[in-house]
Structure formats: C-alpha cells, structure tokens
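Next up, my_file_29.txt (compact mmCIF, N, CA and C atoms):
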# COMPACT_ATOMS: atom_id res chain seq x y z
N ALA A 1 -24.20 4.93 -28.65
CA ALA A 1 -23.16 5.62 -27.90
C ALA A 1 -22.41 6.61 -28.77
N ASN A 2 -22.19 6.25 -30.05
CA ASN A 2 -21.40 7.17 -30.87
C ASN A 2 -22.16 8.46 -31.13
N GLY A 3 -23.51 8.45 -31.05
CA GLY A 3 -24.28 9.67 -31.19
C GLY A 3 -24.00 10.65 -30.08
N LYS A 4 -23.86 10.14 -28.86
CA LYS A 4 -23.55 11.00 -27.71
C LYS A 4 -22.14 11.57 -27.81
N VAL A 5 -21.20 10.72 -28.17
CA VAL A 5 -19.81 11.18 -28.30
C VAL A 5 -19.72 12.24 -29.39
N LYS A 6 -20.36 11.97 -30.52
CA LYS A 6 -20.34 12.91 -31.64
C LYS A 6 -20.97 14.24 -31.25
N ALA A 7 -22.09 14.19 -30.54
CA ALA A 7 -22.77 15.42 -30.13
C ALA A 7 -21.88 16.27 -29.22
N VAL A 8 -21.20 15.64 -28.29
CA VAL A 8 -20.31 16.38 -27.39
C VAL A 8 -19.13 16.96 -28.16
N GLU A 9 -18.56 16.16 -29.05
CA GLU A 9 -17.44 16.64 -29.87
C GLU A 9 -17.89 17.80 -30.76
N ASP A 10 -19.08 17.66 -31.39
CA ASP A 10 -19.59 18.72 -32.26
C ASP A 10 -19.85 20.01 -31.49
N ALA A 11 -20.15 19.89 -30.20
CA ALA A 11 -20.40 21.07 -29.37
C ALA A 11 -19.09 21.73 -28.93
N GLY A 12 -17.96 21.09 -29.29
CA GLY A 12 -16.66 21.67 -28.97
C GLY A 12 -16.25 21.53 -27.51
N LYS A 13 -16.87 20.61 -26.83
CA LYS A 13 -16.54 20.39 -25.41
C LYS A 13 -15.29 19.53 -25.30
N ASN A 14 -14.48 19.83 -24.31
CA ASN A 14 -13.26 19.07 -24.04
C ASN A 14 -13.54 18.16 -22.85
N VAL A 15 -13.71 16.87 -23.12
CA VAL A 15 -14.08 15.93 -22.06
C VAL A 15 -13.11 14.75 -22.02
N LEU A 16 -13.13 14.06 -20.91
CA LEU A 16 -12.37 12.82 -20.77
C LEU A 16 -13.38 11.68 -20.84
N TRP A 17 -13.25 10.85 -21.86
CA TRP A 17 -14.17 9.74 -22.06
C TRP A 17 -13.70 8.53 -21.26
N ILE A 18 -14.56 8.07 -20.33
CA ILE A 18 -14.23 6.93 -19.48
C ILE A 18 -15.40 5.94 -19.52
N SER A 19 -15.07 4.68 -19.64
CA SER A 19 -16.07 3.62 -19.62
C SER A 19 -16.13 2.99 -18.24
N ASP A 20 -17.33 2.71 -17.77
CA ASP A 20 -17.55 2.00 -16.52
C ASP A 20 -18.36 0.75 -16.85
N PRO A 21 -17.69 -0.26 -17.45
CA PRO A 21 -18.41 -1.40 -18.01
C PRO A 21 -18.90 -2.43 -16.99
N VAL A 22 -18.50 -2.28 -15.75
CA VAL A 22 -18.86 -3.29 -14.76
C VAL A 22 -20.26 -3.03 -14.19
N HIS A 23 -20.55 -1.79 -13.80
CA HIS A 23 -21.80 -1.51 -13.11
C HIS A 23 -23.04 -1.78 -13.95
N GLY A 24 -22.98 -1.53 -15.25
CA GLY A 24 -24.15 -1.73 -16.09
C GLY A 24 -24.39 -3.18 -16.49
N ASN A 25 -23.53 -4.07 -16.07
CA ASN A 25 -23.63 -5.47 -16.49
C ASN A 25 -23.85 -6.43 -15.33
N THR A 26 -24.59 -5.99 -14.34
CA THR A 26 -24.88 -6.83 -13.18
C THR A 26 -26.17 -7.61 -13.44
N ILE A 27 -26.11 -8.90 -13.18
CA ILE A 27 -27.28 -9.76 -13.33
C ILE A 27 -27.43 -10.62 -12.08
N THR A 28 -28.54 -11.30 -11.96
CA THR A 28 -28.74 -12.26 -10.86
C THR A 28 -28.66 -13.66 -11.46
N ALA A 29 -27.75 -14.46 -10.93
CA ALA A 29 -27.58 -15.84 -11.40
C ALA A 29 -28.76 -16.69 -10.92
N ALA A 30 -28.89 -17.87 -11.50
CA ALA A 30 -29.97 -18.79 -11.14
C ALA A 30 -29.93 -19.15 -9.66
N ASN A 31 -28.72 -19.11 -9.05
CA ASN A 31 -28.59 -19.45 -7.63
C ASN A 31 -28.86 -18.25 -6.72
N GLY A 32 -29.29 -17.12 -7.31
CA GLY A 32 -29.65 -15.94 -6.53
C GLY A 32 -28.50 -14.97 -6.26
N LYS A 33 -27.28 -15.34 -6.64
CA LYS A 33 -26.13 -14.47 -6.40
C LYS A 33 -26.07 -13.38 -7.47
N LYS A 34 -25.77 -12.16 -7.02
CA LYS A 34 -25.54 -11.06 -7.96
C LYS A 34 -24.16 -11.28 -8.58
N THR A 35 -24.08 -11.18 -9.90
CA THR A 35 -22.82 -11.44 -10.60
C THR A 35 -22.70 -10.53 -11.80
N ARG A 36 -21.56 -10.61 -12.45
CA ARG A 36 -21.30 -9.84 -13.66
C ARG A 36 -20.55 -10.73 -14.64
N PRO A 37 -21.10 -11.00 -15.81
CA PRO A 37 -20.42 -11.84 -16.79
C PRO A 37 -19.23 -11.09 -17.43
N VAL A 38 -18.06 -11.69 -17.37
CA VAL A 38 -16.86 -11.09 -17.94
C VAL A 38 -17.05 -10.81 -19.43
N ALA A 39 -17.73 -11.70 -20.15
CA ALA A 39 -17.93 -11.50 -21.59
C ALA A 39 -18.70 -10.21 -21.87
N ARG A 40 -19.68 -9.90 -21.07
CA ARG A 40 -20.44 -8.65 -21.26
C ARG A 40 -19.57 -7.43 -20.98
N ILE A 41 -18.73 -7.54 -19.96
CA ILE A 41 -17.82 -6.43 -19.63
C ILE A 41 -16.85 -6.21 -20.79
N MET A 42 -16.28 -7.31 -21.32
CA MET A 42 -15.37 -7.21 -22.47
C MET A 42 -16.07 -6.61 -23.68
N ASP A 43 -17.31 -7.04 -23.94
CA ASP A 43 -18.05 -6.51 -25.08
C ASP A 43 -18.24 -5.00 -24.96
N GLU A 44 -18.56 -4.55 -23.76
CA GLU A 44 -18.76 -3.11 -23.57
C GLU A 44 -17.46 -2.33 -23.75
N ILE A 45 -16.36 -2.89 -23.24
CA ILE A 45 -15.06 -2.23 -23.42
C ILE A 45 -14.69 -2.18 -24.90
N ASN A 46 -14.86 -3.28 -25.60
CA ASN A 46 -14.54 -3.30 -27.04
C ASN A 46 -15.41 -2.31 -27.80
N GLY A 47 -16.70 -2.21 -27.45
CA GLY A 47 -17.58 -1.23 -28.07
C GLY A 47 -17.14 0.20 -27.81
N PHE A 48 -16.69 0.46 -26.60
CA PHE A 48 -16.16 1.77 -26.21
C PHE A 48 -14.99 2.16 -27.13
N PHE A 49 -14.08 1.23 -27.33
CA PHE A 49 -12.93 1.50 -28.21
C PHE A 49 -13.36 1.64 -29.67
N GLU A 50 -14.32 0.83 -30.11
CA GLU A 50 -14.79 0.91 -31.49
C GLU A 50 -15.41 2.27 -31.79
N VAL A 51 -16.22 2.78 -30.88
CA VAL A 51 -16.86 4.09 -31.06
C VAL A 51 -15.79 5.17 -31.21
N HIS A 52 -14.81 5.15 -30.33
CA HIS A 52 -13.78 6.20 -30.38
C HIS A 52 -12.87 6.04 -31.61
N GLN A 53 -12.63 4.81 -32.03
CA GLN A 53 -11.85 4.59 -33.26
C GLN A 53 -12.61 5.14 -34.46
N GLU A 54 -13.90 4.86 -34.50
CA GLU A 54 -14.75 5.30 -35.61
C GLU A 54 -14.81 6.83 -35.69
N LEU A 55 -14.87 7.50 -34.54
CA LEU A 55 -15.04 8.95 -34.52
C LEU A 55 -13.71 9.72 -34.44
N GLY A 56 -12.61 9.00 -34.26
CA GLY A 56 -11.32 9.66 -34.15
C GLY A 56 -11.12 10.38 -32.83
N THR A 57 -11.84 9.95 -31.81
CA THR A 57 -11.69 10.52 -30.47
C THR A 57 -10.87 9.56 -29.61
N HIS A 58 -10.50 10.00 -28.42
CA HIS A 58 -9.61 9.21 -27.58
C HIS A 58 -10.37 8.56 -26.42
N PRO A 59 -10.29 7.22 -26.32
CA PRO A 59 -10.87 6.54 -25.16
C PRO A 59 -9.95 6.77 -23.96
N GLY A 60 -10.40 7.57 -23.02
CA GLY A 60 -9.51 8.04 -21.96
C GLY A 60 -9.28 7.10 -20.79
N GLY A 61 -10.19 6.17 -20.54
CA GLY A 61 -9.97 5.29 -19.40
C GLY A 61 -11.10 4.30 -19.21
N VAL A 62 -10.84 3.32 -18.35
CA VAL A 62 -11.81 2.29 -18.01
C VAL A 62 -11.78 2.10 -16.50
N HIS A 63 -12.95 2.15 -15.87
CA HIS A 63 -13.07 1.92 -14.43
C HIS A 63 -13.53 0.48 -14.21
N LEU A 64 -12.84 -0.25 -13.34
CA LEU A 64 -13.20 -1.64 -13.04
C LEU A 64 -13.39 -1.82 -11.54
N GLU A 65 -14.32 -2.69 -11.16
CA GLU A 65 -14.47 -3.15 -9.78
C GLU A 65 -13.71 -4.46 -9.72
N MET A 66 -12.61 -4.49 -8.99
CA MET A 66 -11.77 -5.69 -8.99
C MET A 66 -11.05 -5.86 -7.66
N THR A 67 -10.50 -7.05 -7.50
CA THR A 67 -9.65 -7.36 -6.37
C THR A 67 -8.56 -8.31 -6.87
N GLY A 68 -7.43 -8.31 -6.22
CA GLY A 68 -6.38 -9.26 -6.57
C GLY A 68 -6.62 -10.63 -5.96
N GLU A 69 -7.64 -10.73 -5.12
CA GLU A 69 -7.94 -12.00 -4.46
C GLU A 69 -8.62 -12.97 -5.42
N LYS A 70 -8.52 -14.25 -5.11
CA LYS A 70 -9.09 -15.29 -5.96
C LYS A 70 -10.56 -15.52 -5.57
N VAL A 71 -11.36 -14.48 -5.78
CA VAL A 71 -12.79 -14.58 -5.49
C VAL A 71 -13.53 -15.17 -6.69
N THR A 72 -14.74 -15.63 -6.42
CA THR A 72 -15.60 -16.15 -7.50
C THR A 72 -16.90 -15.37 -7.46
N GLU A 73 -16.83 -14.11 -7.91
CA GLU A 73 -17.99 -13.23 -7.86
C GLU A 73 -18.52 -12.87 -9.25
N CYS A 74 -17.65 -12.88 -10.26
CA CYS A 74 -18.04 -12.61 -11.65
C CYS A 74 -17.88 -13.89 -12.46
N THR A 75 -18.85 -14.17 -13.32
CA THR A 75 -18.78 -15.39 -14.12
C THR A 75 -17.93 -15.16 -15.37
N GLY A 76 -17.32 -16.24 -15.82
CA GLY A 76 -16.54 -16.19 -17.05
C GLY A 76 -15.06 -16.08 -16.80
N GLY A 77 -14.38 -15.58 -17.82
CA GLY A 77 -12.92 -15.57 -17.79
C GLY A 77 -12.42 -16.79 -18.53
N THR A 78 -11.25 -16.68 -19.12
CA THR A 78 -10.74 -17.81 -19.89
C THR A 78 -9.55 -18.50 -19.24
N ILE A 79 -8.92 -17.86 -18.28
CA ILE A 79 -7.77 -18.48 -17.62
C ILE A 79 -8.25 -19.52 -16.62
N ASP A 80 -9.18 -19.14 -15.77
CA ASP A 80 -9.76 -20.05 -14.78
C ASP A 80 -11.24 -19.69 -14.69
N GLU A 81 -12.02 -20.16 -15.67
CA GLU A 81 -13.42 -19.74 -15.81
C GLU A 81 -14.24 -19.99 -14.56
N VAL A 82 -15.02 -18.98 -14.17
CA VAL A 82 -15.95 -19.11 -13.06
C VAL A 82 -17.33 -19.34 -13.65
N THR A 83 -17.94 -20.47 -13.30
CA THR A 83 -19.29 -20.79 -13.76
C THR A 83 -20.30 -20.29 -12.74
N GLU A 84 -21.58 -20.33 -13.09
CA GLU A 84 -22.60 -19.93 -12.11
C GLU A 84 -22.53 -20.82 -10.89
N ASP A 85 -22.33 -22.12 -11.08
CA ASP A 85 -22.18 -23.03 -9.93
C ASP A 85 -20.94 -22.68 -9.12
N GLY A 86 -19.88 -22.24 -9.81
CA GLY A 86 -18.63 -21.89 -9.15
C GLY A 86 -18.69 -20.61 -8.35
N LEU A 87 -19.74 -19.81 -8.54
CA LEU A 87 -19.87 -18.56 -7.77
C LEU A 87 -19.83 -18.83 -6.27
N LEU A 88 -20.35 -19.95 -5.86
CA LEU A 88 -20.46 -20.25 -4.44
C LEU A 88 -19.13 -20.63 -3.79
N GLU A 89 -18.11 -20.92 -4.59
CA GLU A 89 -16.83 -21.38 -4.05
C GLU A 89 -16.15 -20.33 -3.17
N LYS A 90 -16.10 -19.09 -3.63
CA LYS A 90 -15.42 -18.04 -2.84
C LYS A 90 -16.08 -16.69 -3.12
N TYR A 91 -17.38 -16.66 -2.92
CA TYR A 91 -18.17 -15.44 -3.08
C TYR A 91 -18.05 -14.67 -1.78
N MET A 92 -17.27 -13.60 -1.78
CA MET A 92 -16.94 -12.90 -0.53
C MET A 92 -17.55 -11.51 -0.41
N THR A 93 -18.04 -10.95 -1.49
CA THR A 93 -18.52 -9.58 -1.44
C THR A 93 -19.77 -9.43 -0.58
N HIS A 94 -19.87 -8.30 0.08
CA HIS A 94 -21.07 -7.98 0.85
C HIS A 94 -21.92 -6.95 0.10
N CYS A 95 -21.42 -6.54 -1.07
CA CYS A 95 -22.11 -5.51 -1.84
C CYS A 95 -22.11 -5.87 -3.33
N ASP A 96 -21.11 -5.40 -4.05
CA ASP A 96 -21.07 -5.61 -5.49
C ASP A 96 -20.02 -6.64 -5.87
N PRO A 97 -20.33 -7.50 -6.86
CA PRO A 97 -19.37 -8.48 -7.33
C PRO A 97 -18.16 -7.82 -8.00
N ARG A 98 -16.98 -8.37 -7.71
CA ARG A 98 -15.73 -7.83 -8.25
C ARG A 98 -15.08 -8.86 -9.17
N LEU A 99 -14.35 -8.36 -10.16
CA LEU A 99 -13.51 -9.22 -10.97
C LEU A 99 -12.40 -9.75 -10.08
N ASN A 100 -12.00 -11.01 -10.28
CA ASN A 100 -10.84 -11.50 -9.54
C ASN A 100 -9.57 -11.08 -10.29
N GLY A 101 -8.42 -11.36 -9.74
CA GLY A 101 -7.17 -10.91 -10.34
C GLY A 101 -6.96 -11.42 -11.75
N GLU A 102 -7.27 -12.69 -12.01
CA GLU A 102 -7.08 -13.25 -13.35
C GLU A 102 -8.03 -12.61 -14.35
N GLN A 103 -9.29 -12.43 -13.96
CA GLN A 103 -10.25 -11.79 -14.85
C GLN A 103 -9.84 -10.35 -15.16
N ALA A 104 -9.38 -9.64 -14.15
CA ALA A 104 -8.95 -8.25 -14.34
C ALA A 104 -7.74 -8.17 -15.27
N LEU A 105 -6.82 -9.12 -15.15
CA LEU A 105 -5.66 -9.12 -16.05
C LEU A 105 -6.08 -9.43 -17.49
N GLU A 106 -7.01 -10.35 -17.67
CA GLU A 106 -7.51 -10.63 -19.02
C GLU A 106 -8.08 -9.35 -19.64
N ILE A 107 -8.86 -8.63 -18.87
CA ILE A 107 -9.45 -7.38 -19.36
C ILE A 107 -8.36 -6.35 -19.63
N ALA A 108 -7.36 -6.27 -18.76
CA ALA A 108 -6.25 -5.32 -18.97
C ALA A 108 -5.52 -5.62 -20.28
N PHE A 109 -5.30 -6.90 -20.56
CA PHE A 109 -4.64 -7.26 -21.82
C PHE A 109 -5.53 -6.93 -23.01
N GLN A 110 -6.84 -7.11 -22.88
CA GLN A 110 -7.74 -6.75 -23.97
C GLN A 110 -7.71 -5.25 -24.22
N ILE A 111 -7.66 -4.46 -23.15
CA ILE A 111 -7.55 -3.00 -23.30
C ILE A 111 -6.24 -2.66 -24.00
N ALA A 112 -5.15 -3.32 -23.61
CA ALA A 112 -3.86 -3.08 -24.27
C ALA A 112 -3.94 -3.42 -25.75
N GLU A 113 -4.61 -4.51 -26.10
CA GLU A 113 -4.77 -4.89 -27.50
C GLU A 113 -5.54 -3.81 -28.27
N ASN A 114 -6.55 -3.24 -27.63
CA ASN A 114 -7.31 -2.17 -28.28
C ASN A 114 -6.43 -0.95 -28.55
N PHE A 115 -5.61 -0.57 -27.59
CA PHE A 115 -4.71 0.56 -27.81
C PHE A 115 -3.67 0.23 -28.87
N ARG A 116 -3.17 -1.00 -28.88
CA ARG A 116 -2.19 -1.41 -29.90
C ARG A 116 -2.82 -1.36 -31.29
N ALA A 117 -4.05 -1.82 -31.41
CA ALA A 117 -4.75 -1.79 -32.70
C ALA A 117 -4.92 -0.35 -33.18
N LYS A 118 -5.26 0.54 -32.25
CA LYS A 118 -5.43 1.96 -32.60
C LYS A 118 -4.15 2.54 -33.19
N GLU A 119 -3.01 2.09 -32.69
CA GLU A 119 -1.71 2.59 -33.16
C GLU A 119 -1.15 1.77 -34.32
N GLY A 120 -1.90 0.76 -34.75
CA GLY A 120 -1.45 -0.07 -35.86
C GLY A 120 -0.34 -1.04 -35.49
N LEU A 121 -0.23 -1.36 -34.21
CA LEU A 121 0.79 -2.29 -33.74
C LEU A 121 0.27 -3.73 -33.79
N GLN A 122 1.20 -4.67 -33.88
CA GLN A 122 0.86 -6.09 -33.92
C GLN A 122 0.25 -6.50 -32.58
N ASP A 123 -0.70 -7.46 -32.64
CA ASP A 123 -1.29 -8.00 -31.41
C ASP A 123 -0.21 -8.61 -30.53
N LEU A 124 -0.44 -8.57 -29.22
CA LEU A 124 0.49 -9.22 -28.30
C LEU A 124 0.51 -10.72 -28.55
N CYS A 125 -0.62 -11.29 -28.87
CA CYS A 125 -0.73 -12.70 -29.25
C CYS A 125 -1.02 -12.72 -30.73
N SER A 126 0.03 -12.83 -31.52
CA SER A 126 -0.13 -12.64 -32.96
C SER A 126 -0.46 -13.91 -33.72
N THR A 127 -0.35 -15.07 -33.08
CA THR A 127 -0.71 -16.31 -33.76
C THR A 127 -1.54 -17.18 -32.83
N ASP A 128 -2.24 -18.12 -33.41
CA ASP A 128 -3.04 -19.05 -32.61
C ASP A 128 -2.17 -20.02 -31.83
N ASP A 129 -0.88 -20.09 -32.18
CA ASP A 129 0.04 -21.01 -31.52
C ASP A 129 0.57 -20.46 -30.19
N ASP A 130 0.34 -19.19 -29.91
CA ASP A 130 0.85 -18.59 -28.67
C ASP A 130 0.11 -19.20 -27.48
N GLU A 131 0.81 -19.99 -26.69
CA GLU A 131 0.20 -20.56 -25.50
C GLU A 131 0.04 -19.48 -24.45
N GLY A 132 -1.03 -19.56 -23.69
CA GLY A 132 -1.24 -18.60 -22.62
C GLY A 132 -1.89 -17.31 -23.08
N CYS A 133 -2.24 -17.22 -24.34
CA CYS A 133 -2.89 -16.02 -24.87
C CYS A 133 -4.37 -16.31 -25.03
N ALA A 134 -5.06 -16.38 -23.94
CA ALA A 134 -6.47 -16.77 -23.97
C ALA A 134 -7.40 -15.60 -24.23
N TRP A 135 -6.94 -14.39 -23.97
CA TRP A 135 -7.86 -13.27 -24.10
C TRP A 135 -8.16 -12.98 -25.54
What's the structure tokens form of this structure?
Amino acid sequence: ANGKVKAVEDAGKNVLWISDPVHGNTITAANGKKTRPVARIMDEINGFFEVHQELGTHPGGVHLEMTGEKVTECTGGTIDEVTEDGLLEKYMTHCDPRLNGEQALEIAFQIAENFRAKEGLQDLCSTDDDEGCAW
C-alpha cells in the first residue's frame, strides 16, 4: 500500500486518502453466513495509519458499514464478542454484514488512538489498570 501512496505523492497529486476496511474483509462463516471479522477490519485500519505515518502523509478518513442496533453480523469485538455461533442470534442484514454499535465504537476509539499517537499524545487508556479500555 505504501508504494501506491508514495507514487501518488511523488506525482504531486493532491488526494484525500480514505480507507474502506469493511468491504475487503468479508468472509463466509462455517454456518454459511456472510460476516466480517472485527480483528481484520482493525488490522487494516492500523495498517492504513502506519503507512501514512511512515510516509508523512495524512490519513483522511475511514468508511464503515455499521448500525447502532445490537445486530450480530460481524464476528469479534471485545466489549460483547460475537462468535460464529452467535451470528445467528440477531443476523438481520439482507445484504452486507454491518458492525454493531459496540463494535463500531471500539473501532472509533482505535482510530482516535491512531490520531493521538500521530500527534504524540498519551493513549486514552494509558495503563493496563484502566477498566473498560478493551480496545
């Protein structure tokens, strides 16, 4: 990815860099449900920030497929983890799996941590003793 960013920057183009980490991380669970692992989405977001940190460019945004509803369409999450078996509990989508509200907030906090790190600011959860800092 950093080769593409570098090539565009070297060409002098003025672009807005946006990551769409949800669409590229769709898999089919053993139960046949289409899902998206939160860990893969987080890894892609963190990689997006790492590339821009390394090259001195600005990560402009992240697009997420999400809902505030307590759906069980994406696996993972650390607040209320959704397992593959748990997908069946409240799988409501007729098309693409969405992050539920808790999963989306975990990702939002991880994005905030990435921006804080870029600015040299202390982590929001600065010690292992911070309860509720699962991300």
**Message:** Can you pull out the residues contacting stretch 82-91 of chain A? Cut-off 6 Å, using only N, CA and C atoms, and skip same-chain residues under 3 positions away; I want them as a list in words.
**Reply:**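 The contact residues come out as Val71, Thr72, Glu73, Cys74, Thr75, Gly76 and Gly77 of chain A.
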**Message:** For a cutoff of 5 Å around the file-coordinate point (-10.9, 9.1, -22.5), which residues qualify once you count only N, CA and C atoms? I'd like the result as a list of chain:residue names.
**Reply:**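 Every polymer residue passing the test: A:Leu16, A:Trp17, A:Ile18, A:His58, A:Pro59, A:Gly60, A:Gly61.
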Dump N, CA and C atoms for the selected residues as a PDB file, in the frame of the given file?
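Result file follows (part_7.pdb):
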ATOM      1  N   LEU A  16     -13.130  14.060 -20.910  1.00  0.00           N
ATOM      2  CA  LEU A  16     -12.370  12.820 -20.770  1.00  0.00           C
ATOM      3  C   LEU A  16     -13.380  11.680 -20.840  1.00  0.00           C
ATOM      4  N   TRP A  17     -13.250  10.850 -21.860  1.00  0.00           N
ATOM      5  CA  TRP A  17     -14.170   9.740 -22.060  1.00  0.00           C
ATOM      6  C   TRP A  17     -13.700   8.530 -21.260  1.00  0.00           C
ATOM      7  N   ILE A  18     -14.560   8.070 -20.330  1.00  0.00           N
ATOM      8  CA  ILE A  18     -14.230   6.930 -19.480  1.00  0.00           C
ATOM      9  C   ILE A  18     -15.400   5.940 -19.520  1.00  0.00           C
ATOM     10  N   HIS A  58     -10.500  10.000 -28.420  1.00  0.00           N
ATOM     11  CA  HIS A  58      -9.610   9.210 -27.580  1.00  0.00           C
ATOM     12  C   HIS A  58     -10.370   8.560 -26.420  1.00  0.00           C
ATOM     13  N   PRO A  59     -10.290   7.220 -26.320  1.00  0.00           N
ATOM     14  CA  PRO A  59     -10.870   6.540 -25.160  1.00  0.00           C
ATOM     15  C   PRO A  59      -9.950   6.770 -23.960  1.00  0.00           C
ATOM     16  N   GLY A  60     -10.400   7.570 -23.020  1.00  0.00           N
ATOM     17  CA  GLY A  60      -9.510   8.040 -21.960  1.00  0.00           C
ATOM     18  C   GLY A  60      -9.280   7.100 -20.790  1.00  0.00           C
ATOM     19  N   GLY A  61     -10.190   6.170 -20.540  1.00  0.00           N
ATOM     20  CA  GLY A  61      -9.970   5.290 -19.400  1.00  0.00           C
ATOM     21  C   GLY A  61     -11.100   4.300 -19.210  1.00  0.00           C
TER      22      GLY A  61
END
**Request:** Write out as a ChimeraX atom specification all residues of stretch 40-131 of chain A that DSSP puts in alpha helix (DSSP H) for this structure's backbone.
**Result:** /A:40-55,101-118
**All residues 8 Å or closer to stretch 34-43 of chain A, only C-alpha atoms, same chain fewer than 2 positions away omitted, as a PyMOL selection string** = chain A and resi 21-22+25-29+32+45-47+73-77+96-97+99+103+107+110
**Item:** Which of chain A DSSP labels strand (DSSP E or B), written as a list in words
**Value:** Trp17, Ile18, Ser19, Ile27, Thr28, Lys34, Thr35, Pro59, Gly60, Gly61, Val62, Met66, Gly76, Val82 and Leu99 of chain A
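Straight-line separation from atom CA of A:Glu119 to atom CA of A:Phe48: 16.1 Å.
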**Asked** Separation of atom CA of A:Glu113 and atom CA of A:Cys125, in Å?
**Response**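 About the pair atom CA of A:Glu113 and atom CA of A:Cys125: they are 9.0 Å apart.
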**Message:** Between atom CA of A:Asn2 and atom CA of A:Ala112, what distance in Å does the model show, to one decimal?
**Reply:** 21.4 Å
**Request:** Counting only C-alpha atoms, note down every residue that has an atom within 8 Å of the point (-9.2, -12.2, -8.9) (file coordinates), as a PyMOL selection string.
**Result:** chain A and resi 66-72+98-104
